[in-house]
$ cat my_file.cif   # mmCIF, C-alpha atoms
data_entry
loop_
_atom_site.label_atom_id
_atom_site.label_comp_id
_atom_site.auth_asym_id
_atom_site.auth_seq_id
_atom_site.Cartn_x
_atom_site.Cartn_y
_atom_site.Cartn_z
CA MET A 145 24.62 20.08 9.38
CA ILE A 146 23.05 20.64 5.96
CA GLY A 147 23.81 16.98 5.18
CA ASN A 148 20.82 15.60 7.07
CA PHE A 149 18.22 17.43 4.98
CA PRO A 150 15.74 14.48 4.79
CA TYR A 151 15.21 14.61 8.56
CA ILE A 152 14.34 18.32 8.36
CA ALA A 153 11.84 17.50 5.57
CA VAL A 154 10.22 14.87 7.84
CA ALA A 155 9.85 17.45 10.64
CA ILE A 156 8.24 19.97 8.24
CA LEU A 157 5.80 17.37 6.87
CA ILE A 158 4.64 16.24 10.32
CA GLY A 159 4.38 19.86 11.48
CA LEU A 160 2.14 20.77 8.53
CA GLY A 161 -0.04 17.69 9.16
CA VAL A 162 -0.56 18.52 12.84
CA TYR A 163 -1.37 22.17 11.93
CA THR A 164 -4.09 20.95 9.56
CA LEU A 165 -5.53 18.66 12.21
CA ILE A 166 -5.79 21.43 14.84
CA PHE A 167 -6.96 24.48 12.92
CA LYS A 168 -9.20 23.31 10.07
CA LYS A 169 -12.90 22.51 10.40
CA ASN A 170 -13.80 20.62 7.20
CA LEU A 171 -13.78 16.81 7.39
CA ILE A 172 -12.05 16.39 4.01
CA LYS A 173 -9.20 18.69 5.09
CA ILE A 174 -8.76 16.64 8.26
CA ALA A 175 -8.44 13.49 6.11
CA ILE A 176 -5.71 15.21 4.05
CA GLY A 177 -3.89 16.12 7.29
CA ILE A 178 -3.88 12.48 8.42
CA THR A 179 -2.43 11.46 5.04
CA LEU A 180 0.35 14.06 5.42
CA ILE A 181 1.39 12.65 8.82
CA GLU A 182 1.53 9.12 7.41
CA SER A 183 3.65 10.28 4.47
CA GLY A 184 6.12 11.87 6.87
CA ALA A 185 6.42 8.65 8.88
CA ASN A 186 7.03 6.56 5.73
CA LEU A 187 9.75 8.95 4.53
CA PHE A 188 11.48 8.74 7.90
CA LEU A 189 11.50 4.93 7.75
CA ILE A 190 13.12 4.81 4.32
CA THR A 191 15.87 7.35 4.97
CA LEU A 192 17.05 5.46 8.05
CA GLY A 193 18.56 2.68 5.96
CA TYR A 194 20.80 4.43 3.43
CA ARG A 195 24.47 3.79 2.78
CA LYS A 196 26.48 6.39 0.92
CA GLY A 197 27.25 5.31 -2.67
CA ALA A 198 25.36 2.00 -2.61
CA VAL A 199 22.86 0.44 -5.03
CA ALA A 200 19.44 -1.23 -4.67
CA PRO A 201 19.44 -4.69 -2.98
CA ILE A 202 18.58 -6.74 -6.08
CA TYR A 203 20.96 -9.23 -7.65
CA THR A 204 19.50 -9.26 -11.20
CA GLN A 205 21.95 -7.34 -13.43
CA ALA A 206 23.37 -5.21 -10.61
CA PRO A 207 26.51 -3.08 -11.18
CA GLU A 208 29.77 -4.81 -10.35
CA GLY A 209 31.55 -4.46 -7.03
CA MET A 210 29.26 -2.13 -5.08
CA THR A 211 27.72 -2.45 -1.64
CA MET A 212 23.98 -2.63 -1.09
CA VAL A 213 21.52 -0.53 0.89
CA LEU A 214 19.85 -2.00 4.01
CA PRO A 215 16.72 -3.85 2.82
CA THR A 216 14.70 -4.18 6.04
CA PRO A 217 13.21 -0.62 6.31
CA GLN A 218 11.94 -0.90 2.71
CA ALA A 219 9.95 -4.01 3.65
CA LEU A 220 8.39 -2.27 6.67
CA THR A 221 7.44 0.79 4.55
CA LEU A 222 5.55 -1.42 2.07
CA THR A 223 3.26 -2.61 4.84
CA SER A 224 2.76 0.91 6.17
CA ILE A 225 1.69 2.34 2.79
CA VAL A 226 -1.02 -0.31 2.33
CA ILE A 227 -2.38 0.33 5.83
CA GLY A 228 -2.50 4.06 5.02
CA VAL A 229 -4.62 3.38 1.93
CA ALA A 230 -7.11 1.32 3.96
CA THR A 231 -7.40 4.00 6.66
CA THR A 232 -7.97 6.83 4.14
CA ALA A 233 -10.71 4.86 2.36
CA LEU A 234 -12.58 4.27 5.64
CA ILE A 235 -12.32 7.92 6.74
CA LEU A 236 -13.72 9.20 3.41
CA SER A 237 -16.61 6.71 3.53
CA ILE A 238 -17.56 7.86 7.04
CA ALA A 239 -17.48 11.49 5.82
CA MET A 240 -19.92 10.60 3.01
CA ILE A 241 -22.36 8.95 5.44
CA ILE A 242 -22.19 11.95 7.81
CA TYR A 243 -23.04 14.30 4.91
CA LYS A 244 -26.04 12.15 3.99
CA LYS A 245 -27.44 12.21 7.53
CA TYR A 246 -26.69 15.78 8.74
CA GLY A 247 -26.50 17.80 5.52
CA THR A 248 -23.17 19.41 6.43
CA ILE A 249 -19.57 18.32 7.10
CA ASN A 250 -18.52 21.20 9.32
CA THR A 251 -17.26 19.73 12.59
CA ASP A 252 -18.69 22.60 14.65
CA GLU A 253 -22.23 21.57 13.70
CA VAL A 254 -22.04 17.79 14.05
CA ARG A 255 -20.86 17.71 17.63
CA ARG A 256 -23.75 15.87 19.22
CA LEU A 257 -25.33 12.61 18.10
CA LYS A 258 -28.92 13.30 17.16
CA GLU A 259 -31.72 11.10 16.02
CA MET B 178 -7.97 32.43 23.73
CA LYS B 179 -8.08 28.73 22.97
CA LYS B 180 -6.51 29.23 19.55
CA SER B 181 -3.46 31.00 21.03
CA ILE B 182 -2.78 28.10 23.43
CA PHE B 183 -2.94 25.67 20.49
CA ALA B 184 -0.60 27.89 18.43
CA ILE B 185 2.03 28.02 21.20
CA ALA B 186 1.84 24.23 21.67
CA LEU B 187 2.28 23.70 17.90
CA VAL B 188 5.37 25.97 17.82
CA PHE B 189 6.92 24.01 20.72
CA PHE B 190 6.20 20.71 18.99
CA VAL B 191 7.76 21.76 15.67
CA ALA B 192 10.79 23.25 17.46
CA PHE B 193 11.30 19.99 19.38
CA MET B 194 11.23 17.97 16.16
CA LEU B 195 13.64 20.36 14.39
CA VAL B 196 16.16 20.13 17.24
CA ALA B 197 15.92 16.33 17.04
CA ALA B 198 16.39 16.45 13.24
CA PHE B 199 19.56 18.53 13.54
CA GLY B 200 20.99 16.22 16.22
CA MET B 201 20.52 12.90 14.40
CA ARG B 202 23.45 10.85 13.14
CA ILE B 203 25.02 11.64 9.76
CA PHE B 204 22.78 10.74 6.82
CA GLY B 205 24.26 7.76 5.03
CA GLU B 206 26.23 5.87 7.69
CA PRO B 207 24.22 3.29 9.62
CA THR B 208 25.63 2.40 13.03
CA VAL B 209 24.54 -1.23 13.39
CA SER B 210 23.81 -3.42 10.37
CA GLU B 211 24.52 -7.03 11.34
CA MET B 212 21.02 -8.39 10.61
CA ASP B 213 20.89 -6.77 7.17
CA ASP B 214 24.40 -8.02 6.31
CA TYR B 215 23.20 -11.56 7.11
CA TYR B 216 20.14 -11.05 4.88
CA ILE B 217 22.22 -9.73 1.95
CA GLN B 218 24.78 -12.56 2.21
CA ASN B 219 22.46 -15.56 2.65
CA ALA B 220 19.16 -14.72 0.91
CA GLN B 221 20.16 -16.16 -2.46
CA ALA B 222 21.53 -19.42 -1.03
CA GLU B 223 18.61 -20.20 1.26
CA THR B 224 15.60 -19.17 -0.84
CA GLY B 225 16.88 -18.98 -4.42
CA ALA B 226 15.31 -15.62 -5.33
CA ASN B 227 17.19 -12.57 -6.57
CA ASN B 228 15.14 -9.87 -4.89
CA VAL B 229 16.18 -9.50 -1.24
CA VAL B 230 13.27 -7.17 -0.30
CA THR B 231 10.68 -9.71 -1.52
CA THR B 232 12.28 -12.53 0.46
CA ILE B 233 12.14 -10.39 3.60
CA VAL B 234 8.46 -9.49 3.03
CA PHE B 235 7.26 -13.01 2.16
CA ASP B 236 9.76 -15.49 3.64
CA TYR B 237 11.72 -14.16 6.61
CA ARG B 238 8.91 -11.93 7.95
CA GLY B 239 5.80 -13.45 6.40
CA PHE B 240 3.74 -13.03 9.57
CA ASP B 241 3.63 -9.23 9.13
CA THR B 242 2.30 -9.71 5.60
CA LEU B 243 -0.48 -11.88 7.00
CA GLY B 244 -1.47 -9.07 9.37
CA GLU B 245 -1.44 -6.53 6.55
CA ALA B 246 -3.68 -8.66 4.32
CA THR B 247 -6.11 -8.95 7.25
CA VAL B 248 -6.17 -5.14 7.70
CA LEU B 249 -7.00 -4.64 4.01
CA PHE B 250 -9.75 -7.27 4.16
CA THR B 251 -11.28 -5.67 7.28
CA ALA B 252 -11.31 -2.22 5.65
CA VAL B 253 -13.24 -3.58 2.63
CA LEU B 254 -15.64 -5.32 5.05
CA GLY B 255 -16.30 -2.03 6.88
CA ILE B 256 -16.92 -0.06 3.68
CA THR B 257 -19.37 -2.66 2.35
CA ALA B 258 -21.26 -2.62 5.65
CA LEU B 259 -21.54 1.19 5.64
CA PHE B 260 -23.13 1.49 2.18
CA ARG B 261 -25.78 -1.18 2.57
CA GLU B 262 -29.35 -0.13 1.77
CA ALA B 263 -31.92 -1.03 4.43
CA ALA B 264 -34.52 -3.36 3.01
CA LYS B 265 -37.90 -1.71 3.25
CA MET C 113 -27.91 11.78 -19.37
CA LYS C 114 -26.10 14.25 -21.59
CA ASN C 115 -22.86 14.58 -19.63
CA GLU C 116 -20.71 11.72 -20.90
CA MET C 117 -17.02 11.87 -21.69
CA SER C 118 -15.82 13.08 -25.12
CA ARG C 119 -15.00 10.82 -28.05
CA ILE C 120 -11.21 11.02 -27.58
CA VAL C 121 -11.41 9.78 -23.97
CA ARG C 122 -13.72 6.87 -24.86
CA THR C 123 -11.57 5.71 -27.80
CA VAL C 124 -8.25 5.84 -25.93
CA THR C 125 -9.74 3.99 -22.94
CA THR C 126 -11.05 1.18 -25.11
CA LEU C 127 -7.62 0.75 -26.69
CA ILE C 128 -5.48 0.91 -23.55
CA TYR C 129 -7.13 -0.76 -20.56
CA GLY C 130 -6.09 -4.27 -21.70
CA PHE C 131 -2.40 -3.32 -21.81
CA ILE C 132 -2.56 -1.90 -18.28
CA ILE C 133 -4.00 -5.16 -16.90
CA VAL C 134 -1.35 -7.26 -18.70
CA TYR C 135 1.43 -4.99 -17.35
CA GLY C 136 0.03 -5.42 -13.83
CA PHE C 137 0.14 -9.21 -14.17
CA TYR C 138 3.75 -9.02 -15.46
CA VAL C 139 4.85 -7.07 -12.37
CA ILE C 140 3.06 -9.59 -10.09
CA ALA C 141 4.56 -12.69 -11.74
CA HIS C 142 8.21 -11.45 -11.80
CA GLY C 143 8.16 -10.36 -8.16
CA HIS C 144 11.16 -12.44 -7.11
CA LEU C 145 13.49 -11.18 -9.88
CA THR C 146 12.80 -7.49 -10.46
CA PRO C 147 11.46 -4.71 -8.18
CA GLY C 148 7.74 -5.21 -7.63
CA GLY C 149 5.73 -8.02 -6.17
CA GLY C 150 2.18 -8.68 -5.08
CA PHE C 151 1.10 -5.31 -3.67
CA GLN C 152 2.59 -3.13 -6.40
CA GLY C 153 1.22 -5.23 -9.30
CA GLY C 154 -2.25 -5.39 -7.74
CA ALA C 155 -2.37 -1.58 -7.45
CA ILE C 156 -1.32 -1.20 -11.12
CA ALA C 157 -4.06 -3.56 -12.32
CA ALA C 158 -6.69 -1.86 -10.13
CA SER C 159 -5.95 1.49 -11.77
CA ALA C 160 -7.34 0.04 -15.03
CA PHE C 161 -10.66 -0.50 -13.24
CA ALA C 162 -10.59 3.10 -12.01
CA LEU C 163 -10.02 4.29 -15.60
CA LEU C 164 -13.08 2.34 -16.80
CA VAL C 165 -15.31 3.68 -14.00
CA VAL C 166 -14.25 7.28 -14.70
CA THR C 167 -14.86 7.03 -18.46
CA TYR C 168 -18.15 5.16 -18.68
CA GLY C 169 -19.85 5.90 -15.36
CA ASP C 170 -21.00 3.10 -13.11
CA GLN C 171 -24.09 2.34 -15.25
CA GLY C 172 -21.94 1.61 -18.29
CA VAL C 173 -19.63 -0.90 -16.57
CA LYS C 174 -22.43 -2.68 -14.72
CA ASP C 175 -22.23 -5.83 -16.87
CA PHE C 176 -18.44 -5.87 -17.10
CA LEU C 177 -17.38 -5.50 -13.44
CA LYS C 178 -19.72 -7.24 -11.02
CA LYS C 179 -19.23 -6.82 -7.32
CA ASP C 180 -20.02 -10.47 -6.45
CA ILE C 181 -17.30 -11.96 -8.67
CA LEU C 182 -14.68 -9.49 -7.38
CA SER C 183 -15.59 -10.34 -3.79
CA LEU C 184 -15.20 -14.06 -4.56
CA VAL C 185 -11.73 -13.45 -6.11
CA GLU C 186 -10.61 -11.54 -3.01
CA SER C 187 -11.69 -14.33 -0.64
CA THR C 188 -9.93 -16.92 -2.86
CA GLY C 189 -6.68 -14.96 -2.71
CA LEU C 190 -6.67 -14.72 1.10
CA VAL C 191 -7.59 -18.42 1.60
CA LEU C 192 -4.78 -19.48 -0.82
CA PHE C 193 -2.27 -17.35 1.13
CA ILE C 194 -3.20 -18.91 4.49
CA ALA C 195 -3.35 -22.46 3.07
CA PHE C 196 0.21 -22.26 1.70
CA ALA C 197 1.36 -20.98 5.08
CA PHE C 198 0.02 -24.10 6.77
CA PHE C 199 1.63 -26.60 4.37
CA GLY C 200 5.10 -26.26 5.86
CA LEU C 201 3.93 -26.75 9.44
CA GLY C 202 6.27 -29.75 9.89
CA VAL C 203 9.20 -27.40 10.57
CA THR C 204 7.58 -24.04 11.36
CA PHE C 205 4.76 -21.75 10.24
CA PHE C 206 5.51 -20.10 6.82
CA TYR C 207 8.37 -22.50 6.05
CA ASN C 208 9.65 -22.38 2.46
CA PHE C 209 9.39 -26.10 1.70
CA MET C 210 9.79 -25.79 -2.06
CA ALA C 211 13.08 -23.87 -2.24
CA ASN C 212 16.18 -25.64 -3.70
CA SER C 213 14.24 -28.87 -4.29
CA GLY C 214 13.66 -30.44 -7.67
CA GLY C 215 9.99 -29.82 -8.32
CA LEU C 216 7.93 -26.78 -9.32
CA PHE C 217 9.79 -23.46 -8.78
CA GLY C 218 12.68 -25.42 -7.34
CA ASN C 219 15.91 -24.46 -9.14
CA SER C 220 18.80 -23.02 -7.20
CA ALA C 221 19.98 -19.53 -8.04
CA ILE C 222 23.57 -18.87 -9.15
CA ILE C 223 25.30 -17.01 -6.32
CA GLY C 224 26.26 -13.48 -7.29
CA ILE C 225 25.09 -11.26 -10.13
CA ASN C 226 23.08 -13.21 -12.70
CA PRO C 227 20.24 -12.68 -15.19
CA GLY C 228 17.23 -14.08 -13.43
CA ASP C 229 15.66 -17.51 -13.85
CA LEU C 230 11.86 -17.65 -13.56
CA ASN C 231 11.83 -21.20 -12.18
CA THR C 232 13.44 -20.31 -8.83
CA GLY C 233 12.06 -19.01 -5.59
CA GLY C 234 10.13 -21.80 -3.95
CA ILE C 235 6.91 -20.64 -2.35
CA ILE C 236 7.43 -16.92 -3.09
CA PRO C 237 5.84 -16.66 -6.61
CA ILE C 238 2.68 -18.47 -5.45
CA MET C 239 2.24 -16.11 -2.50
CA ASN C 240 2.88 -13.16 -4.84
CA ILE C 241 -0.01 -14.27 -7.06
CA ALA C 242 -2.33 -14.80 -4.07
CA VAL C 243 -1.64 -11.36 -2.56
CA GLY C 244 -1.87 -9.73 -6.01
CA LEU C 245 -5.33 -11.18 -6.60
CA GLU C 246 -6.46 -10.01 -3.18
CA VAL C 247 -5.23 -6.41 -3.57
CA LEU C 248 -6.70 -6.16 -7.10
CA ALA C 249 -10.14 -7.29 -5.98
CA ALA C 250 -10.10 -5.24 -2.75
CA LEU C 251 -9.30 -1.96 -4.54
CA GLY C 252 -11.90 -2.76 -7.25
CA VAL C 253 -14.64 -3.33 -4.66
CA ILE C 254 -13.71 -0.08 -2.88
CA ILE C 255 -13.92 1.93 -6.14
CA LEU C 256 -17.26 0.43 -7.21
CA THR C 257 -18.93 0.76 -3.80
CA MET C 258 -17.89 4.36 -3.24
CA SER C 259 -18.89 5.46 -6.75
CA VAL C 260 -22.38 3.93 -6.48
CA GLY C 261 -22.82 5.21 -2.94
CA SER C 262 -21.89 8.78 -3.85
CA LYS C 263 -25.04 9.09 -5.93
CA ASN C 264 -27.27 8.29 -2.95
CA THR C 265 -25.65 10.88 -0.69
CA LYS C 266 -26.50 14.01 -2.60
CA LYS C 267 -27.93 17.05 -0.86
CA LYS C 268 -31.49 16.73 0.39
CA GLU C 269 -33.73 18.98 -1.65
CA ASN C 270 -36.28 19.93 0.99
CA SER C 271 -34.54 19.75 4.37
#

$ encode --input "my_file.cif" --output "C-alpha cells"
Amino acid sequence: MIGNFPYIAVAILIGLGVYTLIFKKNLIKIAIGITLIESGANLFLITLGYRKGAVAPIYTQAPEGMTMVLPTPQALTLTSIVIGVATTALILSIAMIIYKKYGTINTDEVRRLKE
Amino acid sequence: MKKSIFAIALVFFVAFMLVAAFGMRIFGEPTVSEMDDYYIQNAQAETGANNVVTTIVFDYRGFDTLGEATVLFTAVLGITALFREAAK
Amino acid sequence: MKNEMSRIVRTVTTLIYGFIIVYGFYVIAHGHLTPGGGFQGGAIAASAFALLVVTYGDQGVKDFLKKDILSLVESTGLVLFIAFAFFGLGVTFFYNFMANSGGLFGNSAIIGINPGDLNTGGIIPIMNIAVGLEVLAALGVIILTMSVGSKNTKKKENS
C-alpha cells in the first residue's frame, strides 16, 4: 500500500490547488492555484507508464539487455506542459490589464463590469 | 456559513481522491501495453531515428503537435492584442 | 535612471548569453538521437532572451531584439511545419516520405543499440527545426510585450 506513493502525491497536489482556488481572493494566487492543478495532472500522466527496472526509450548508447518504459504518456505530457505555459501567460496578462483599469486586483471589488 | 459548506465539500473531494489513489493498480506493472510494444519494436525500422518519443510526437501522432503549435500561436496573438495602445 | 544591475551581473551576461543560444540550437538539431527536440531546445534558447531583458532593461535591448523580426520568425516556423505536412499527401497527411530513401536525411538506422548517425530520420529533423524556431520566437515576443506593458500599468497617482 505504501508502494503507490506517486498517486498519493497527485491527490495532495490537486487538493492544494483546489483549496487555493476556493479560499484565496488575490488574482495572482488564483493563477498559482491553476498551475498547481496542471502540475498534478502532468505528474499523473507520467507515472502511469512505468515498468519496474526499465530504462528510458532511447536506442543511442542504451544499457544492454533491459526492457524499456512505455513511451506514449511522455509524448502526451510534452503537449500538456506547453499548453500550460500558454494558459498561464494569458491569465497573468489579463490580471495586469484589470489592475490598470480598476486599481485593485481583489476579486471582491471587481465583481461588476463598470465603465 | 458559506465558507463552512465549501470546507466540507473540499474535505469530501480530497477524501474521494485519496481512496482512489490507494485503490489503484500496483505502481510499476502496466496491464495492457500492446501499442507501446509495437512502437518500441518497429520505430527504428520504419523511421530510422533512435529516439522513440520524438517519433511518436512528430511522426506517428503529428496531428496533436499541429494542434499544440496552433494553441501557442493563438496565445501570443491574444497577448499582443491586449497590450496594444489606442491611437489618439 | 540610477537603478541598473551591478558590474558583475553585466559582465557575466555579456560573456554567457552566446553559449546558451548555441546550446539551445544543439538540443534542437539532435532531437532524433538524444533526449530533447523542438520544444525543449526552443525553451532553452528563449531563456537567453529573458537573461538579457532582466540585465539591461527593455530600453537597453531595444536595438538588439526587435518585436517585428521575432514575429516574422515565428510565422515562418509555423508555415514551414504545415508545408512539410502537405508534401506527403500522396499517401496520407504527415507521411514521412524521406525516411529510408537515398537523399537528404535518408540513411537507415542500424537495428539495436548504436551510436547515432546524424543523417537519419527523414522528415523529423526538419520539423524539429521549424517547431524550435516557432517556440523561440513565441516566448521572446511574450517576454518583450509583458515587460514593456508592465511599465504602463503602474498605479494611478491621483485616482

$ resolve_selection --input "my_file.cif" --expression "the PyMOL selection byres ((chain B) within 7 of (chain A))" --output "ChimeraX atom specification"
/B:191,194-195,198-199,203-207,213,227-230,233-234,245,248-249,252,256

$ write_last_selection --input "my_file.cif" --atoms "C-alpha atoms" --output "tab-separated table (two decimals), keeping the file's coordinate frame"
chain	number	residue	atom	x	y	z
B	191	VAL	CA	7.76	21.76	15.67
B	194	MET	CA	11.23	17.97	16.16
B	195	LEU	CA	13.64	20.36	14.39
B	198	ALA	CA	16.39	16.45	13.24
B	199	PHE	CA	19.56	18.53	13.54
B	203	ILE	CA	25.02	11.64	9.76
B	204	PHE	CA	22.78	10.74	6.82
B	205	GLY	CA	24.26	7.76	5.03
B	206	GLU	CA	26.23	5.87	7.69
B	207	PRO	CA	24.22	3.29	9.62
B	213	ASP	CA	20.89	-6.77	7.17
B	227	ASN	CA	17.19	-12.57	-6.57
B	228	ASN	CA	15.14	-9.87	-4.89
B	229	VAL	CA	16.18	-9.50	-1.24
B	230	VAL	CA	13.27	-7.17	-0.30
B	233	ILE	CA	12.14	-10.39	3.60
B	234	VAL	CA	8.46	-9.49	3.03
B	245	GLU	CA	-1.44	-6.53	6.55
B	248	VAL	CA	-6.17	-5.14	7.70
B	249	LEU	CA	-7.00	-4.64	4.01
B	252	ALA	CA	-11.31	-2.22	5.65
B	256	ILE	CA	-16.92	-0.06	3.68

$ resolve_selection --input "my_file.cif" --expression "the PyMOL selection byres ((chain C) within 12 of (chain A))" --output "PyMOL selection string"
chain C and resi 142-152+154-155+221-230+247+250-251+253-255+257-271

$ closest_atom_pairs --input "my_file.cif" --of "chain B" --to "chain C" --cutoff "10 Å" --atoms "all atoms listed in the file" --output "Markdown table"
| residue | atom | partner | partner_atom | distance |
| --- | --- | --- | --- | --- |
| B:Gln218 | CA | C:Ile223 | CA | 9.6 |
| B:Asn219 | CA | C:Ile223 | CA | 9.5 |
| B:Ala220 | CA | C:Ile223 | CA | 9.8 |
| B:Gln221 | CA | C:Ile223 | CA | 6.5 |
| B:Ala222 | CA | C:Ile223 | CA | 6.9 |
| B:Glu223 | CA | C:Ala211 | CA | 7.5 |
| B:Thr224 | CA | C:Ala211 | CA | 5.5 |
| B:Gly225 | CA | C:Ala221 | CA | 4.8 |
| B:Ala226 | CA | C:Gly233 | CA | 4.7 |
| B:Asn227 | CA | C:Leu145 | CA | 5.2 |
| B:Asn228 | CA | C:His144 | CA | 5.2 |
| B:Val229 | CA | C:His144 | CA | 8.3 |
| B:Val230 | CA | C:Pro147 | CA | 8.5 |
| B:Thr231 | CA | C:His144 | CA | 6.2 |
| B:Thr232 | CA | C:Ile236 | CA | 7.4 |
| B:Val234 | CA | C:Ile236 | CA | 9.7 |
| B:Phe235 | CA | C:Ile236 | CA | 6.5 |
| B:Asp236 | CA | C:Asn208 | CA | 7.0 |
| B:Tyr237 | CA | C:Phe206 | CA | 8.6 |
| B:Arg238 | CA | C:Phe206 | CA | 8.9 |
| B:Gly239 | CA | C:Phe206 | CA | 6.7 |
| B:Phe240 | CA | C:Phe206 | CA | 7.8 |
| B:Thr242 | CA | C:Val243 | CA | 9.2 |
| B:Leu243 | CA | C:Ile194 | CA | 7.9 |
| B:Ala246 | CA | C:Leu190 | CA | 7.5 |
| B:Thr247 | CA | C:Leu190 | CA | 8.5 |
| B:Leu249 | CA | C:Ala250 | CA | 7.5 |
| B:Phe250 | CA | C:Ala250 | CA | 7.2 |
| B:Ala252 | CA | C:Ala250 | CA | 9.0 |
| B:Val253 | CA | C:Ala250 | CA | 6.4 |
| B:Leu254 | CA | C:Ala250 | CA | 9.6 |
| B:Ile256 | CA | C:Ile254 | CA | 7.3 |
| B:Thr257 | CA | C:Thr257 | CA | 7.1 |
| B:Leu259 | CA | C:Gly261 | CA | 9.6 |
| B:Phe260 | CA | C:Gly261 | CA | 6.3 |
| B:Arg261 | CA | C:Gly261 | CA | 8.9 |
| B:Glu262 | CA | C:Gly261 | CA | 9.7 |

$ residues_around --input "my_file.cif" --residues "Gly184 of chain A" --least-positions-apart "3" --cutoff "7 Å" --atoms "only C-alpha atoms" --output "list in words"
Val154, Leu157, Ile158, Leu180, Ile181, Leu187 and Phe188 of chain A

$ atom_distance --input "my_file.cif" --atom1 "atom CA of Phe131 of chain C" --atom2 "atom CA of Ala157 of chain C"
9.6 Å

$ axis_aligned_box --input "my_file.cif" --around "segment 219-233 of chain B" --padding-each-side "6 Å" --output "JSON"
{"center_x": 16.6, "center_y": -13.7, "center_z": -1.5, "size_x": 23.8, "size_y": 25.0, "size_z": 22.2}

$ decode --input "my_file.cif" --residues "segment 197-209 of chain A" --atoms "N, CA and C atoms" --output "short mmCIF file (atom, residue, chain, number, x, y, z; two decimals), in the first residue's frame"
data_model
loop_
_atom_site.label_atom_id
_atom_site.label_comp_id
_atom_site.auth_asym_id
_atom_site.auth_seq_id
_atom_site.Cartn_x
_atom_site.Cartn_y
_atom_site.Cartn_z
N GLY A 197 12.25 -1.41 -13.10
CA GLY A 197 13.58 -1.82 -13.51
C GLY A 197 13.87 -1.61 -14.97
N ALA A 198 13.21 -0.64 -15.63
CA ALA A 198 13.42 -0.43 -17.06
C ALA A 198 14.14 0.90 -17.28
N VAL A 199 14.62 1.12 -18.53
CA VAL A 199 15.39 2.31 -18.83
C VAL A 199 14.60 3.19 -19.78
N ALA A 200 15.14 4.35 -20.13
CA ALA A 200 14.48 5.33 -20.99
C ALA A 200 14.39 4.78 -22.42
N PRO A 201 13.33 5.13 -23.19
CA PRO A 201 13.13 4.51 -24.50
C PRO A 201 13.96 5.16 -25.61
N ILE A 202 15.27 5.16 -25.48
CA ILE A 202 16.16 5.75 -26.48
C ILE A 202 17.22 4.73 -26.80
N TYR A 203 17.50 4.53 -28.11
CA TYR A 203 18.40 3.47 -28.50
C TYR A 203 19.86 3.89 -28.57
N THR A 204 20.17 5.20 -28.44
CA THR A 204 21.55 5.66 -28.54
C THR A 204 22.29 5.35 -27.25
N GLN A 205 23.21 4.39 -27.29
CA GLN A 205 24.07 4.03 -26.15
C GLN A 205 23.23 3.66 -24.94
N ALA A 206 22.24 2.80 -25.13
CA ALA A 206 21.44 2.31 -24.01
C ALA A 206 22.16 1.14 -23.35
N PRO A 207 21.85 0.84 -22.06
CA PRO A 207 22.46 -0.33 -21.42
C PRO A 207 21.95 -1.62 -22.07
N GLU A 208 22.77 -2.66 -21.98
CA GLU A 208 22.48 -3.89 -22.70
C GLU A 208 21.40 -4.69 -22.01
N GLY A 209 20.49 -5.26 -22.79
CA GLY A 209 19.58 -6.29 -22.29
C GLY A 209 18.59 -5.86 -21.25
#
